[in-house]
Each structure stands twice: as C-alpha cells, then as structure tokens.
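Colleague: Below is coords25.txt; it holds compact mmCIF, C-alpha atoms and all ligand atoms.
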# COMPACT_ATOMS: atom_id res chain seq x y z
CA MET N 14 20.13 8.39 -16.64
CA PRO N 15 16.35 8.14 -16.23
CA HIS N 16 14.68 4.80 -16.75
CA LEU N 17 10.88 4.38 -16.73
CA LEU N 18 10.31 1.13 -14.87
CA GLY N 19 7.05 1.73 -13.01
CA LEU N 20 4.63 4.31 -11.63
CA GLN N 21 4.72 2.99 -8.06
CA ASN N 22 6.83 5.48 -6.05
CA PHE N 23 7.24 7.59 -9.19
CA PRO N 24 7.47 11.28 -8.26
CA ALA N 25 4.26 13.23 -8.87
CA ALA N 26 6.21 16.06 -10.51
CA ASP N 27 7.76 13.64 -13.03
CA LEU N 28 4.36 12.09 -13.74
CA ARG N 29 2.86 15.54 -14.41
CA ASP N 30 5.86 16.38 -16.59
CA LEU N 31 5.29 13.23 -18.66
CA LEU N 32 1.58 14.03 -18.97
CA HIS N 33 2.32 17.58 -20.15
CA GLN N 34 4.79 16.14 -22.67
CA THR N 35 2.07 13.73 -23.84
CA LEU N 36 -0.28 16.65 -24.36
CA ALA N 37 2.40 18.56 -26.27
CA ALA N 38 3.08 15.52 -28.46
CA LYS N 39 -0.63 15.24 -29.22
CA HIS N 40 -1.12 18.85 -30.17
CA GLU N 41 2.20 19.53 -31.87
CA PRO N 42 3.29 16.13 -33.18
CA ALA N 43 5.52 17.50 -35.92
CA ARG N 44 7.17 20.16 -33.79
CA SER N 45 10.63 18.65 -34.10
CA LYS N 46 12.46 15.39 -34.53
CA PRO N 47 14.64 15.34 -31.39
CA LEU N 48 15.72 11.73 -31.95
CA ALA N 49 16.64 12.16 -35.64
CA GLY N 50 19.58 9.92 -36.47
CA ARG N 51 19.14 7.87 -33.29
CA LEU N 52 18.07 4.24 -32.82
CA VAL N 53 15.41 2.94 -30.43
CA ALA N 54 15.20 -0.81 -29.71
CA ASN N 55 12.04 -2.76 -29.00
CA LEU N 56 12.97 -5.95 -27.12
CA PHE N 57 9.70 -7.89 -26.91
CA PHE N 58 9.95 -11.29 -25.28
CA GLU N 59 6.16 -11.56 -25.02
CA ASP N 60 3.45 -10.88 -27.63
CA SER N 61 2.05 -7.40 -28.12
CA THR N 62 -0.12 -5.53 -30.60
CA ARG N 63 -0.62 -2.09 -29.07
CA THR N 64 2.53 -1.44 -27.04
CA ARG N 65 5.16 -2.58 -29.53
CA ASN N 66 3.61 -0.85 -32.51
CA SER N 67 2.93 2.36 -30.64
CA PHE N 68 6.53 2.49 -29.40
CA THR N 69 7.53 2.10 -33.05
CA ALA N 70 5.13 4.84 -34.16
CA ALA N 71 6.37 7.07 -31.33
CA ALA N 72 10.02 6.53 -32.22
CA TYR N 73 9.33 7.34 -35.88
CA ALA N 74 7.41 10.45 -34.88
CA LEU N 75 10.46 11.62 -32.92
CA GLY N 76 12.70 10.99 -35.94
CA ALA N 77 14.35 7.80 -34.64
CA GLN N 78 14.76 4.48 -36.42
CA VAL N 79 13.73 1.24 -34.74
CA ILE N 80 15.39 -2.12 -34.07
CA ASP N 81 12.53 -4.54 -33.53
CA LEU N 82 13.60 -7.71 -31.77
CA LEU N 83 11.02 -10.38 -31.03
CA GLY N 84 11.88 -12.98 -28.42
CA SER N 85 10.59 -15.78 -30.60
CA SER N 86 13.10 -15.02 -33.34
CA SER N 87 16.03 -13.96 -31.14
CA SER N 88 19.00 -15.91 -29.78
CA VAL N 89 17.15 -16.22 -26.46
CA SER N 90 15.90 -19.44 -28.07
CA LYS N 91 19.55 -20.62 -28.03
CA GLY N 92 19.99 -19.91 -24.33
CA GLU N 93 21.12 -16.27 -24.35
CA THR N 94 19.87 -14.36 -21.32
CA LEU N 95 17.63 -11.29 -21.52
CA ILE N 96 20.45 -9.20 -20.02
CA ASP N 97 23.00 -10.39 -22.59
CA THR N 98 20.47 -9.80 -25.36
CA ALA N 99 19.83 -6.27 -24.13
CA ARG N 100 23.55 -5.51 -23.74
CA ASN N 101 24.27 -6.72 -27.27
CA VAL N 102 21.51 -4.59 -28.76
CA GLU N 103 22.66 -1.65 -26.66
CA ALA N 104 26.19 -2.13 -28.08
CA MET N 105 24.74 -1.28 -31.49
CA GLY N 106 24.40 2.28 -30.23
CA VAL N 107 20.73 2.58 -29.30
CA ALA N 108 19.37 5.64 -27.51
CA ALA N 109 16.84 3.61 -25.48
CA VAL N 110 15.45 0.10 -25.12
CA CYS N 111 11.78 -0.74 -24.56
CA VAL N 112 11.48 -4.13 -22.86
CA ARG N 113 8.51 -6.47 -22.55
CA ALA N 114 8.95 -9.80 -20.79
CA LYS N 115 6.94 -12.48 -19.02
CA GLN N 116 9.05 -12.23 -15.88
CA SER N 117 8.23 -9.54 -13.30
CA GLY N 118 11.32 -7.42 -12.64
CA SER N 119 12.94 -8.06 -16.04
CA ALA N 120 13.07 -4.41 -17.06
CA ALA N 121 14.67 -3.40 -13.74
CA MET N 122 17.19 -6.24 -14.06
CA ILE N 123 18.18 -5.04 -17.53
CA ALA N 124 18.27 -1.41 -16.39
CA LYS N 125 20.74 -2.24 -13.61
CA ASP N 126 23.55 -2.85 -16.10
CA ALA N 127 22.30 -0.73 -18.97
CA GLY N 128 24.25 2.12 -20.50
CA CYS N 129 21.09 3.66 -21.99
CA PRO N 130 17.57 4.36 -20.70
CA VAL N 131 15.28 1.37 -20.26
CA ILE N 132 11.50 1.69 -20.58
CA ASN N 133 9.40 -1.08 -19.09
CA ALA N 134 6.87 -2.08 -21.77
CA GLY N 135 5.21 -4.56 -19.39
CA ASP N 136 6.96 -7.10 -17.15
CA GLY N 137 4.89 -10.06 -15.98
CA LYS N 138 2.38 -9.09 -13.32
CA HIS N 139 4.51 -6.17 -12.14
CA GLU N 140 4.06 -2.86 -14.03
CA HIS N 141 3.23 -1.32 -17.39
CA PRO N 142 4.05 2.34 -16.81
CA THR N 143 3.40 3.71 -20.31
CA GLN N 144 -0.03 2.03 -20.23
CA GLY N 145 -0.61 3.76 -16.88
CA LEU N 146 0.48 7.04 -18.42
CA LEU N 147 -1.89 6.74 -21.38
CA ASP N 148 -4.73 5.64 -19.09
CA VAL N 149 -4.30 8.61 -16.78
CA PHE N 150 -3.98 10.95 -19.77
CA THR N 151 -7.15 9.59 -21.39
CA LEU N 152 -9.09 9.95 -18.14
CA ALA N 153 -7.86 13.53 -17.69
CA GLU N 154 -8.76 14.31 -21.30
CA SER N 155 -12.24 12.83 -20.93
CA PHE N 156 -13.00 15.00 -17.88
CA ASN N 157 -11.28 18.22 -19.00
CA ARG N 158 -8.44 17.98 -16.48
CA LEU N 159 -5.62 18.54 -18.96
CA ASP N 160 -4.52 21.86 -17.46
CA SER N 161 -3.46 20.52 -14.07
CA PHE N 162 -3.92 16.74 -14.37
CA ASP N 163 -5.59 16.96 -10.97
CA LEU N 164 -8.01 14.01 -10.88
CA THR N 165 -9.47 14.79 -7.45
CA GLY N 166 -13.13 13.84 -7.20
CA LEU N 167 -13.05 11.24 -9.99
CA ARG N 168 -13.97 7.68 -9.02
CA VAL N 169 -12.47 4.87 -11.07
CA ALA N 170 -13.09 1.13 -10.82
CA ILE N 171 -10.61 -1.42 -12.15
CA VAL N 172 -12.63 -4.59 -12.73
CA GLY N 173 -11.53 -8.16 -13.34
CA ASP N 174 -8.22 -9.94 -13.01
CA VAL N 175 -6.42 -7.33 -10.92
CA ALA N 176 -4.17 -9.94 -9.30
CA SER N 177 -2.50 -10.77 -12.63
CA SER N 178 -2.49 -7.24 -13.97
CA ARG N 179 0.56 -5.03 -14.45
CA VAL N 180 -1.86 -2.53 -16.04
CA ALA N 181 -3.81 -2.34 -12.77
CA ARG N 182 -0.69 -1.77 -10.68
CA SER N 183 0.51 1.10 -12.86
CA ALA N 184 -2.97 2.60 -13.20
CA ILE N 185 -3.64 2.47 -9.45
CA ALA N 186 -0.32 4.21 -8.78
CA GLY N 187 -0.79 6.89 -11.43
CA LEU N 188 -4.45 7.59 -10.64
CA SER N 189 -3.86 7.73 -6.88
CA THR N 190 -0.87 10.05 -7.25
CA LEU N 191 -3.10 12.51 -9.12
CA GLY N 192 -5.95 12.36 -6.61
CA ALA N 193 -8.47 9.95 -8.16
CA THR N 194 -10.29 7.45 -5.95
CA VAL N 195 -9.70 3.89 -7.13
CA VAL N 196 -11.62 0.73 -6.27
CA THR N 197 -10.67 -2.72 -7.53
CA VAL N 198 -13.61 -5.02 -8.25
CA GLY N 199 -13.78 -8.74 -8.88
CA PRO N 200 -14.01 -12.17 -7.26
CA PRO N 201 -11.81 -12.88 -4.22
CA GLY N 202 -9.49 -15.05 -6.34
CA LEU N 203 -8.68 -12.11 -8.60
CA VAL N 204 -9.05 -9.06 -6.35
CA SER N 205 -7.80 -8.59 -2.80
CA ALA N 206 -6.34 -5.94 -0.51
CA GLY N 207 -2.69 -5.01 -0.97
CA PHE N 208 -2.80 -3.28 -4.35
CA GLY N 209 -3.13 0.21 -2.88
CA ALA N 210 -6.83 0.58 -3.69
CA ALA N 211 -10.18 -0.16 -2.07
CA VAL N 212 -11.71 -3.57 -2.77
CA SER N 213 -15.25 -4.55 -3.73
CA HIS N 214 -16.66 -7.89 -4.75
CA ASP N 215 -19.96 -6.33 -5.85
CA LEU N 216 -19.79 -4.56 -9.22
CA GLU N 217 -23.47 -3.63 -9.40
CA SER N 218 -23.35 -1.73 -6.10
CA VAL N 219 -20.39 0.45 -7.10
CA LEU N 220 -21.21 0.95 -10.79
CA PRO N 221 -23.69 3.87 -10.44
CA MET N 222 -21.13 5.93 -8.48
CA LEU N 223 -18.26 5.68 -10.97
CA ASP N 224 -16.85 8.15 -13.46
CA ALA N 225 -14.77 5.51 -15.23
CA VAL N 226 -14.75 1.72 -15.39
CA MET N 227 -11.56 0.04 -16.55
CA MET N 228 -12.28 -3.55 -17.53
CA LEU N 229 -9.50 -6.16 -17.56
CA ARG N 230 -9.47 -9.54 -19.28
CA ILE N 231 -8.82 -12.69 -17.27
CA GLN N 232 -5.13 -13.48 -17.80
CA PHE N 233 -5.35 -17.27 -17.67
CA GLU N 234 -1.78 -17.52 -18.94
CA ARG N 235 -0.53 -15.93 -15.70
CA HIS N 236 -2.56 -18.12 -13.36
CA ALA N 237 -0.81 -20.84 -11.40
CA ASP N 238 -1.74 -23.62 -13.81
CA GLY N 239 -0.96 -21.52 -16.89
CA ALA N 240 -4.23 -22.52 -18.55
CA ASN N 241 -5.14 -21.16 -21.96
CA PRO N 242 -8.05 -18.73 -22.38
CA ALA N 243 -11.42 -20.43 -22.14
CA PRO N 244 -14.33 -19.33 -24.35
CA ALA N 245 -17.30 -17.65 -22.66
CA GLY N 246 -19.54 -20.10 -20.90
CA GLN N 247 -16.95 -22.84 -20.66
CA ALA N 248 -15.23 -23.90 -17.48
CA ALA N 249 -11.89 -22.16 -16.99
CA LYS N 250 -8.93 -24.33 -16.05
CA SER N 251 -7.89 -22.01 -13.28
CA GLY N 252 -7.90 -22.20 -9.53
CA ASN N 253 -8.44 -18.43 -9.32
CA ILE N 254 -12.11 -18.46 -10.39
CA ALA N 255 -14.85 -21.07 -10.36
CA SER N 256 -15.71 -20.61 -14.02
CA VAL N 257 -15.78 -18.06 -16.78
CA ARG N 258 -19.58 -18.32 -16.74
CA GLU N 259 -19.69 -17.29 -13.07
CA PHE N 260 -17.17 -14.51 -13.62
CA ARG N 261 -19.23 -13.14 -16.48
CA ALA N 262 -22.47 -13.41 -14.54
CA LEU N 263 -21.11 -11.26 -11.69
CA TYR N 264 -18.41 -9.02 -13.15
CA ALA N 265 -18.82 -8.52 -16.92
CA LEU N 266 -19.75 -5.07 -18.11
CA THR N 267 -22.83 -6.09 -20.05
CA ALA N 268 -25.22 -3.85 -21.95
CA GLU N 269 -27.67 -4.15 -19.05
CA ARG N 270 -25.10 -3.10 -16.43
CA GLU N 271 -23.82 -0.29 -18.66
CA ARG N 272 -27.27 1.31 -18.40
CA CYS N 273 -26.68 1.70 -14.63
CA MET N 274 -23.64 3.92 -15.17
CA LYS N 275 -24.07 7.62 -14.60
CA ASN N 276 -24.26 10.17 -17.40
CA GLY N 277 -20.84 10.97 -18.76
CA ALA N 278 -19.12 7.97 -17.21
CA ILE N 279 -16.61 6.29 -19.52
CA VAL N 280 -15.55 2.72 -20.29
CA MET N 281 -11.84 1.90 -20.58
CA HIS N 282 -9.91 -1.27 -21.42
CA PRO N 283 -6.17 -1.66 -22.03
CA GLY N 284 -6.71 -4.45 -24.58
CA PRO N 285 -6.68 -7.13 -25.69
CA ILE N 286 -10.45 -7.45 -25.12
CA ASN N 287 -12.07 -10.85 -24.77
CA ARG N 288 -15.44 -9.75 -26.18
CA GLY N 289 -18.35 -11.55 -24.61
CA ILE N 290 -16.40 -12.38 -21.45
CA GLU N 291 -15.48 -9.25 -19.45
CA LEU N 292 -17.08 -6.80 -21.89
CA ASP N 293 -20.06 -6.92 -24.25
CA ALA N 294 -19.22 -5.93 -27.82
CA CYS N 295 -21.91 -3.22 -27.87
CA VAL N 296 -20.33 -1.61 -24.79
CA ALA N 297 -16.79 -1.89 -26.16
CA ASP N 298 -17.97 -0.14 -29.32
CA GLY N 299 -20.58 2.10 -27.67
CA PRO N 300 -20.67 5.83 -26.94
CA ARG N 301 -19.08 5.55 -23.48
CA SER N 302 -16.08 3.65 -24.78
CA VAL N 303 -12.73 5.48 -24.96
CA ILE N 304 -10.84 2.28 -25.74
CA LEU N 305 -9.54 3.31 -29.14
CA ARG N 306 -8.77 6.78 -27.82
CA GLN N 307 -6.57 5.05 -25.25
CA VAL N 308 -4.73 3.37 -28.12
CA ALA N 309 -4.34 6.65 -30.01
CA ASN N 310 -3.06 8.40 -26.88
CA GLY N 311 -0.60 5.54 -26.39
CA VAL N 312 1.52 6.85 -29.26
CA PHE N 313 1.73 10.32 -27.67
CA ALA N 314 2.42 8.89 -24.20
CA ARG N 315 5.27 6.79 -25.64
CA MET N 316 6.65 9.80 -27.51
CA ALA N 317 6.72 11.56 -24.14
CA ALA N 318 8.34 8.59 -22.40
CA LEU N 319 11.06 8.18 -25.06
CA ALA N 320 11.82 11.90 -25.14
CA TRP N 321 11.87 12.15 -21.33
CA CYS N 322 14.17 9.15 -20.91
CA CYS N 323 16.50 10.31 -23.69
CA GLY N 324 16.71 13.82 -22.22
CA VAL N 325 15.23 15.51 -25.27
CA ALA N 326 11.84 16.41 -23.84
CA ARG N 327 10.70 19.99 -24.16
CA GLY N 328 12.78 21.85 -21.59
CA GLY N 329 14.85 18.67 -21.07
N1 LIG T 401 -2.35 -2.99 -23.50
C1 LIG T 401 -1.36 -3.74 -23.96
O1 LIG T 401 -0.29 -3.86 -23.33
O2 LIG T 401 -1.60 -4.37 -25.14
P1 LIG T 401 -0.55 -5.26 -25.94
O3 LIG T 401 -0.30 -6.50 -25.12
O4 LIG T 401 -1.18 -5.56 -27.26
O5 LIG T 401 0.72 -4.48 -26.07
Produce structure tokens that represent the structure in this file.
Ligand code: CP
Modeller:
Amino acid sequence: MPHLLGLQNFPAADLRDLLHQTLAAKHEPARSKPLAGRLVANLFFEDSTRTRNSFTAAAYALGAQVIDLLGSSSSVSKGETLIDTARNVEAMGVAAVCVRAKQSGSAAMIAKDAGCPVINAGDGKHEHPTQGLLDVFTLAESFNRLDSFDLTGLRVAIVGDVASSRVARSAIAGLSTLGATVVTVGPPGLVSAGFGAAVSHDLESVLPMLDAVMMLRIQFERHADGANPAPAGQAAKSGNIASVREFRALYALTAERERCMKNGAIVMHPGPINRGIELDACVADGPRSVILRQVANGVFARMAALAWCCGVARGG
C-alpha cells in the first residue's frame, strides 16, 4: 500500500507519475470520480489554511467525502495518542488519511500501523511532500517543462528559514531529482550545509542568476525558544537570528531587489506570507509572483496524491 511520506529518496519515476497525474487533474478535472462513495480523512493537529482545504477540495473533486478532524477539537486533548486517533478514524472505513502534526516523523509513525494509505500533510521540520509536488509542478508549468518535467538548467533559490522548513526539504528533494540546481540562502542560523543543496549567505550576489526564488517565512514557533512571530523591525526572541530587522535588511525580497532578477524569473512562496518581513507586498502581488498559482495547483497535486495512494490513478 503506497503512502506519501516525503520526497527524499522518492523514486524519480513515481515523482514524474504524480506530476503527470497532476497535469491530467488540471486539464481534465471532471474526467471521473474514482473515489465516489469513499471517505478521506484530514487529521490536522496543527493549523493550516492551504493544505487542509485543498485536500478537502481534491477529495471532493475525486468524488470522495471528507472527515475533517482538527487536533484542537479532538480527543487528543484528553490524552489520546496520534496513532490511536488515526486508528480510530481509519476504523470508520476511510480510503486514506492526510496527517499534519507538529512532530517530525508523525506521519511515518502513523503509517507504520495503518491499514490505509497515509499522506504526510506536513510533519514538523521534516517534510511536506504535496507542497513539494505543487512547487515542482508550478515551476515546470512556468518554464514550459510539462512534457518531460525535466528541470535541467533551471536555477532555484530557497531563501529564509530553511533550517525550520519541511517545505524546503521536500522542494530540494523534488527539484534536485528532476535536474534543477538549488541553492539555499539565508543567515548562518537559518541556512547551513546538510540539506542537499548549495549554501549562500549573500542573496544579492545570487539573485541575478536565478530562474525562481522561493521565499520562506521565519518559523519562530519552531525555534528553540518557541517565540511567537515578531513584527517587522522588532527584535525577534530567537537565538537563530540577531533580529527581524537584520534578517529583512539582508534577505527580504524587496521591490528594489526584485528589480535585479532576470527577465522571466518567478517568485514563489508556500504561504503563509509575513508581508513586510521576508517579502514586500508589491512583489508578492506583482507580475513575477506565482504564489496563488501554487495554491491553485495544490488542489490538482493533492488530487494526484490521493488517487495515486488509493490506487485509482489513471493507469493505476
Ligand atoms: N503551505 C502550507 O502548508 O500552508 P498551510 O500551513 O496554510 O497549509
């Protein structure tokens, strides 16, 4: 039974298959309802806007109905474990469970004992494979690589809090598998070697060479002291960076820096955006931005993931 837990060590052929299924879902969304009469469960133990709702939209598009369980209103608050929660929901006869949790490895832990496919919808700092899938798809779409999904020759920077980012881990894996060159950019407290990509601490020197810039917010909630987000210009309560002001001064994609990007280069962000910190509003909403296209493609990528895991993908 296929689970989708991460893109690290994920076979290239399976990744291409998922991307082709995403393309098919986008161009023929009403082709069939292969999950008609089935149930899909969202088990979200951490907040989400995009991922949870796009899994719901994807399940509906495939004809399924959705059980939507939020950690805050579940019996986890009474001491039930994530595994017991998942097993109880699975006992209701679901075709697949989509799991988001604060703890890295949660989805794999649930998958170990699961009797149905498990899709990792983001586990701590570990992986977010459907985000990686939609990111790779959006990049391929932006550069007319949808026939082969060969991304050779494209240079992508992932900028910001890479150390805390499950999005970065999945994106680096997916992009590298398909031939793109990836560089991670940020201050030493947030970016270092060991993520499978080149490292730069100098955004302005790499910016003119890039085809795509993926900006990440600072995930203060995952830093050692668990500090809350700090507004732009205020000191962050985090040991990972000196201050938000310094981070913004060196690593934000401002309107001025955006003008140094080459013609045709695109701006990506997985969301949520902290406008005015890592990304200027005019860049987020500007002509290079594919941020909302990423969100739109997320529904098709999750249709592909659900169909693939449930064995109802085209040709599956
Ligand atoms: N990109 C992403 O995972 O967003 P959400 O946290 O809103 O799901």
Colleague: Skipping near chain neighbours, those fewer than 2 positions away, what residues fall within 10 Å of N:Glu140 using all atoms listed in the file, listed as number ranges by chain?
Modeller: N: 18-21, 117-118, 120, 133-138, 142-145, 178-184, 186
Colleague: Within 12 Å of ligand LIG 401 (chain T), counting all atoms listed in the file, which protein or nucleic acid residues do you find, written as a compact mmCIF listing (two decimals) with C-alpha atoms, in the coordinates of the input?
Modeller:
# COMPACT_ATOMS: atom_id res chain seq x y z
CA ASN N 55 12.04 -2.76 -29.00
CA PHE N 57 9.70 -7.89 -26.91
CA PHE N 58 9.95 -11.29 -25.28
CA GLU N 59 6.16 -11.56 -25.02
CA ASP N 60 3.45 -10.88 -27.63
CA SER N 61 2.05 -7.40 -28.12
CA THR N 62 -0.12 -5.53 -30.60
CA ARG N 63 -0.62 -2.09 -29.07
CA THR N 64 2.53 -1.44 -27.04
CA ARG N 65 5.16 -2.58 -29.53
CA ASN N 66 3.61 -0.85 -32.51
CA SER N 67 2.93 2.36 -30.64
CA PHE N 68 6.53 2.49 -29.40
CA THR N 69 7.53 2.10 -33.05
CA CYS N 111 11.78 -0.74 -24.56
CA VAL N 112 11.48 -4.13 -22.86
CA ARG N 113 8.51 -6.47 -22.55
CA ALA N 114 8.95 -9.80 -20.79
CA LYS N 115 6.94 -12.48 -19.02
CA ASN N 133 9.40 -1.08 -19.09
CA ALA N 134 6.87 -2.08 -21.77
CA GLY N 135 5.21 -4.56 -19.39
CA ASP N 136 6.96 -7.10 -17.15
CA GLY N 137 4.89 -10.06 -15.98
CA LYS N 138 2.38 -9.09 -13.32
CA GLU N 140 4.06 -2.86 -14.03
CA HIS N 141 3.23 -1.32 -17.39
CA PRO N 142 4.05 2.34 -16.81
CA THR N 143 3.40 3.71 -20.31
CA GLN N 144 -0.03 2.03 -20.23
CA GLY N 145 -0.61 3.76 -16.88
CA LEU N 146 0.48 7.04 -18.42
CA LEU N 147 -1.89 6.74 -21.38
CA ASP N 148 -4.73 5.64 -19.09
CA SER N 178 -2.49 -7.24 -13.97
CA ARG N 179 0.56 -5.03 -14.45
CA VAL N 180 -1.86 -2.53 -16.04
CA ALA N 181 -3.81 -2.34 -12.77
CA SER N 183 0.51 1.10 -12.86
CA ALA N 184 -2.97 2.60 -13.20
CA MET N 227 -11.56 0.04 -16.55
CA MET N 228 -12.28 -3.55 -17.53
CA LEU N 229 -9.50 -6.16 -17.56
CA ARG N 230 -9.47 -9.54 -19.28
CA GLN N 232 -5.13 -13.48 -17.80
CA MET N 281 -11.84 1.90 -20.58
CA HIS N 282 -9.91 -1.27 -21.42
CA PRO N 283 -6.17 -1.66 -22.03
CA GLY N 284 -6.71 -4.45 -24.58
CA PRO N 285 -6.68 -7.13 -25.69
CA ILE N 286 -10.45 -7.45 -25.12
CA ILE N 304 -10.84 2.28 -25.74
CA LEU N 305 -9.54 3.31 -29.14
CA GLN N 307 -6.57 5.05 -25.25
CA VAL N 308 -4.73 3.37 -28.12
CA ALA N 309 -4.34 6.65 -30.01
CA ASN N 310 -3.06 8.40 -26.88
CA GLY N 311 -0.60 5.54 -26.39
CA VAL N 312 1.52 6.85 -29.26
Colleague: Work out how far apart atom CA of N:Asp224 and atom CA of N:Met274 are and give it in Å to one decimal.
Modeller: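 Those two atoms sit 8.2 Å apart.
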Colleague: Do you have the atom CA of N:Ala268-atom CA of N:Val296 distance handy?
Modeller: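 Computing it gives 6.1 Å between the two atoms.
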Colleague: In terms of the shortest atom-to-atom distance over only C-alpha atoms, which of N:Gln34, N:Arg301, N:Arg315, N:Ala193 is closest to N:Leu17?
Modeller: N:Arg315
